[in-house]
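Colleague: Mind having a look at this structure? Questions to follow.
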Amino acid sequence: MTDKLELVRKYHEENALERLFVGSKELEIKLMHICGMADIAMEIASVYKANFDRELLKLCALHHDDGRVLQYKYLGNFNDRELSHNELGAMALNQWCIKNKITPDSAIHVLRDVMMYHGRLALCECRVTWESRPYIEIISDADDIENGCIGAVGYLLNECRTDAKGYNTTHPEHFGKIKPELWAFYELGQWFDKMKYCESYAEYVLFAATLAMKSIKKYGWIAKKAMLKPSYGYASALQGYEDIFSQVMSYEDAKHAINVLRKACTVEE
Ligand SMILES: [Fe+2]
Ligand SMILES: [Fe+2]
């Protein structure tokens, strides 16, 4: 597939991450997320053999969140409910093709699908081609591991305190209640649509922790290793979650949430 990557490589060269993700602390944090998740994507790929090109996978990982740059430029934040970074990324790639008079080839289509559908495969299943599917799956899972098991402890508290997501804060002392069905999703490690279910910051934090639970359930040691590594000033991401739960949830909710996560991290495979 090597020469089939010519156009994607050209896109990569002309849209270097170090030039795109600059100018604010928030974009630099996104760049850390991208580099971390690209490593995880390659780690998953080395364990789980599938029908894909490793170089294309790496390029898709590096550019899956390009839409964040435009989103930040327009909104000053990363609120997908206002403006989807998935759609902005795919649109920017389309415009790059038009500007360069490029007819998209199959690798460009895969990159575009990864930008458009990562994290949304369950919602857009029918629109994804068989060729793009394994790339979207691995990128989405690596994204969940980085977001849920590493990055979350770096941004969650700040997002809650600055009201970055516009959720209800009817109980500001602990950033809201948690619906019973979300506890069930969390304990099972079952992904749910945060746009549909989350109404408070406590629920939003539980969503991030649910990604961690889902990742541990699906990828075992790859996700546990990420959870137990030092992260954003904490001795481990697990310890980070303990602190965050205690700050955004009621005492009882926080105790339950950390017990579930701690147990998942220590259970032998
Ligand atoms: Fe993304
Ligand atoms: Fe991402």
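Naming scheme: A, B, ... for chains in displayed order of the structure tokens; residues 1 onward per chain; ligands 1 onward as shown.
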Give me every alpha helix (DSSP H) residue in stretch 39-96 of chain A, going by DSSP on the backbone, as number ranges by chain.

Modeller: A: 39-47, 54-63, 67-75, 85-96

Colleague: Counting only C-alpha atoms and all ligand atoms, name the residues that have an atom within 9 Å of an atom of ligand 1; the answer should be given as a list of chain:residue names.

Modeller: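 So the residues close to ligand 1 are A:His64, A:Asp65, A:Asp66, A:Gly67, A:Arg68, A:His85, A:Asn86, A:Met115, A:Met116, A:Tyr117, A:His118, A:Gly119, A:Ser140, A:Asp143.
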
Colleague: Counting only C-alpha atoms, which residues of stretch 18-123 of chain A sit at most 10 Å from some atom of stretch 4-9 of chain A, and what is each one's closest atom pair with its distance in Å to one decimal, listed by chain and rising residue number, as JSON lines?

Modeller:
{"residue": "A:Asp53", "atom": "CA", "partner": "A:Leu5", "partner_atom": "CA", "distance": 9.6}
{"residue": "A:Glu55", "atom": "CA", "partner": "A:Leu5", "partner_atom": "CA", "distance": 8.4}
{"residue": "A:Leu56", "atom": "CA", "partner": "A:Leu5", "partner_atom": "CA", "distance": 7.1}
{"residue": "A:Leu59", "atom": "CA", "partner": "A:Val8", "partner_atom": "CA", "distance": 7.6}
{"residue": "A:Cys60", "atom": "CA", "partner": "A:Val8", "partner_atom": "CA", "distance": 8.9}
{"residue": "A:Cys97", "atom": "CA", "partner": "A:Leu7", "partner_atom": "CA", "distance": 9.3}
{"residue": "A:Ile102", "atom": "CA", "partner": "A:Leu7", "partner_atom": "CA", "distance": 8.3}
{"residue": "A:Thr103", "atom": "CA", "partner": "A:Leu7", "partner_atom": "CA", "distance": 9.5}
{"residue": "A:Pro104", "atom": "CA", "partner": "A:Leu7", "partner_atom": "CA", "distance": 8.1}
{"residue": "A:Asp105", "atom": "CA", "partner": "A:Leu7", "partner_atom": "CA", "distance": 7.7}
{"residue": "A:Ser106", "atom": "CA", "partner": "A:Lys4", "partner_atom": "CA", "distance": 7.9}
{"residue": "A:Ala107", "atom": "CA", "partner": "A:Leu5", "partner_atom": "CA", "distance": 6.2}
{"residue": "A:Ile108", "atom": "CA", "partner": "A:Val8", "partner_atom": "CA", "distance": 5.9}
{"residue": "A:His109", "atom": "CA", "partner": "A:Val8", "partner_atom": "CA", "distance": 9.6}
{"residue": "A:Val110", "atom": "CA", "partner": "A:Val8", "partner_atom": "CA", "distance": 9.6}
{"residue": "A:Leu111", "atom": "CA", "partner": "A:Val8", "partner_atom": "CA", "distance": 7.8}

Colleague: Pick from A:Ile98, A:Ile222, A:Ile139, A:Val22: nearest to ligand 2, with only C-alpha atoms and all ligand atoms counted?

Modeller: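 Smallest separation from ligand 2 among the options: A:Ile139.
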
Colleague: Please provide as a PyMOL selection string all residues within 9 Å of A:Asn94, with the sequence filter that same-chain residues fewer than 5 positions apart are discarded (counting only C-alpha atoms).

Modeller: chain A and resi 89+99+104+112

Colleague: Suppose we keep N, CA, C and O atoms; can you now write the selection as a compact mmCIF listing (two decimals), in the first residue's frame?

Modeller:
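Final output, saved to result.txt:
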# COMPACT_ATOMS: atom_id res chain seq x y z
N GLY A 89 -12.94 18.93 11.10
CA GLY A 89 -11.73 18.27 10.60
C GLY A 89 -11.95 17.73 9.19
O GLY A 89 -11.14 17.95 8.28
N LYS A 99 -8.46 22.92 -2.71
CA LYS A 99 -7.45 23.96 -2.91
C LYS A 99 -6.27 23.43 -3.73
O LYS A 99 -5.71 24.14 -4.57
N PRO A 104 -9.63 12.96 -4.06
CA PRO A 104 -9.32 12.10 -2.92
C PRO A 104 -9.17 10.63 -3.32
O PRO A 104 -10.01 10.11 -4.07
N ARG A 112 -10.34 10.89 6.15
CA ARG A 112 -11.54 11.71 6.31
C ARG A 112 -12.57 11.00 7.20
O ARG A 112 -13.17 11.61 8.08

Colleague: Skip stretch 234-251 of chain A itself and residues of its chain fewer than 6 positions away, then list as a list in words all residues within 8 Å of it, counting only C-alpha atoms.

Modeller: Cys149, Ile150, Val153, Leu156, Leu157, Cys160, Glu173, His174, Phe175, Gly176, Lys177, Tyr201, Ala202, Val205, Ala209, Ala226, Met227, Leu228, Ala257, Ile258, Leu261 and Arg262 of chain A

Colleague: Can you work out the spacing between atom CA of A:Glu199 and atom CA of A:Lys179 in Å, to one decimal?

Modeller: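 Computing the Euclidean distance for atom CA of A:Glu199 and atom CA of A:Lys179 yields 9.3 Å.
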
Colleague: Please, what distance in Å, to one decimal, runs between atom CA of A:Ala61 and atom CA of A:Ile29?

Modeller: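 Interatomic distance, atom CA of A:Ala61 to atom CA of A:Ile29: 15.7 Å.
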
Colleague: A:Leu17, A:Ile44, A:Cys126, A:Leu88: which is nearest A:Gln71, counting only C-alpha atoms?

Modeller: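 Smallest distance to A:Gln71 is found for A:Leu88.
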
Colleague: From the set A:Glu187, A:Asp144, A:Asp80, A:Asp163, which residue has the shortest atom-to-atom contact distance to ligand 2, counting only C-alpha atoms and all ligand atoms?

Modeller: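 Counting only C-alpha atoms and all ligand atoms, the residue closest to ligand 2 is A:Asp144.
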
Colleague: Please compute the atom CA of A:Gly76-atom CA of A:Glu26 distance, one decimal, in Å.

Modeller: 9.4 Å

Colleague: Which residue is closest to A:Tyr155? Choose from A:Pro180, A:Pro134, A:Gly220, A:Gly233 and count only C-alpha atoms.

Modeller: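 Using only C-alpha atoms, the shortest distance to A:Tyr155 belongs to A:Gly233.
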
Colleague: Measuring atom to atom with only C-alpha atoms and all ligand atoms, identify which of A:Glu13, A:Asn100, A:Ile40, A:Glu146 is nearest to ligand 2.

Modeller: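 Checking each of A:Glu13, A:Asn100, A:Ile40, A:Glu146 against ligand 2, counting only C-alpha atoms and all ligand atoms, the winner is A:Glu146.
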
Colleague: Select, from A:Met37, A:Ala184, A:Ala152, A:Ala212, the residue with the minimum atom-to-atom distance to A:Ser231, counting only C-alpha atoms.

Modeller: A:Ala152

Colleague: Near A:Gly189, within 9 Å and counting only C-alpha atoms, which residues show up once chain neighbours fewer than 6 positions away are dropped, as a ChimeraX atom specification?

Modeller: /A:209-218
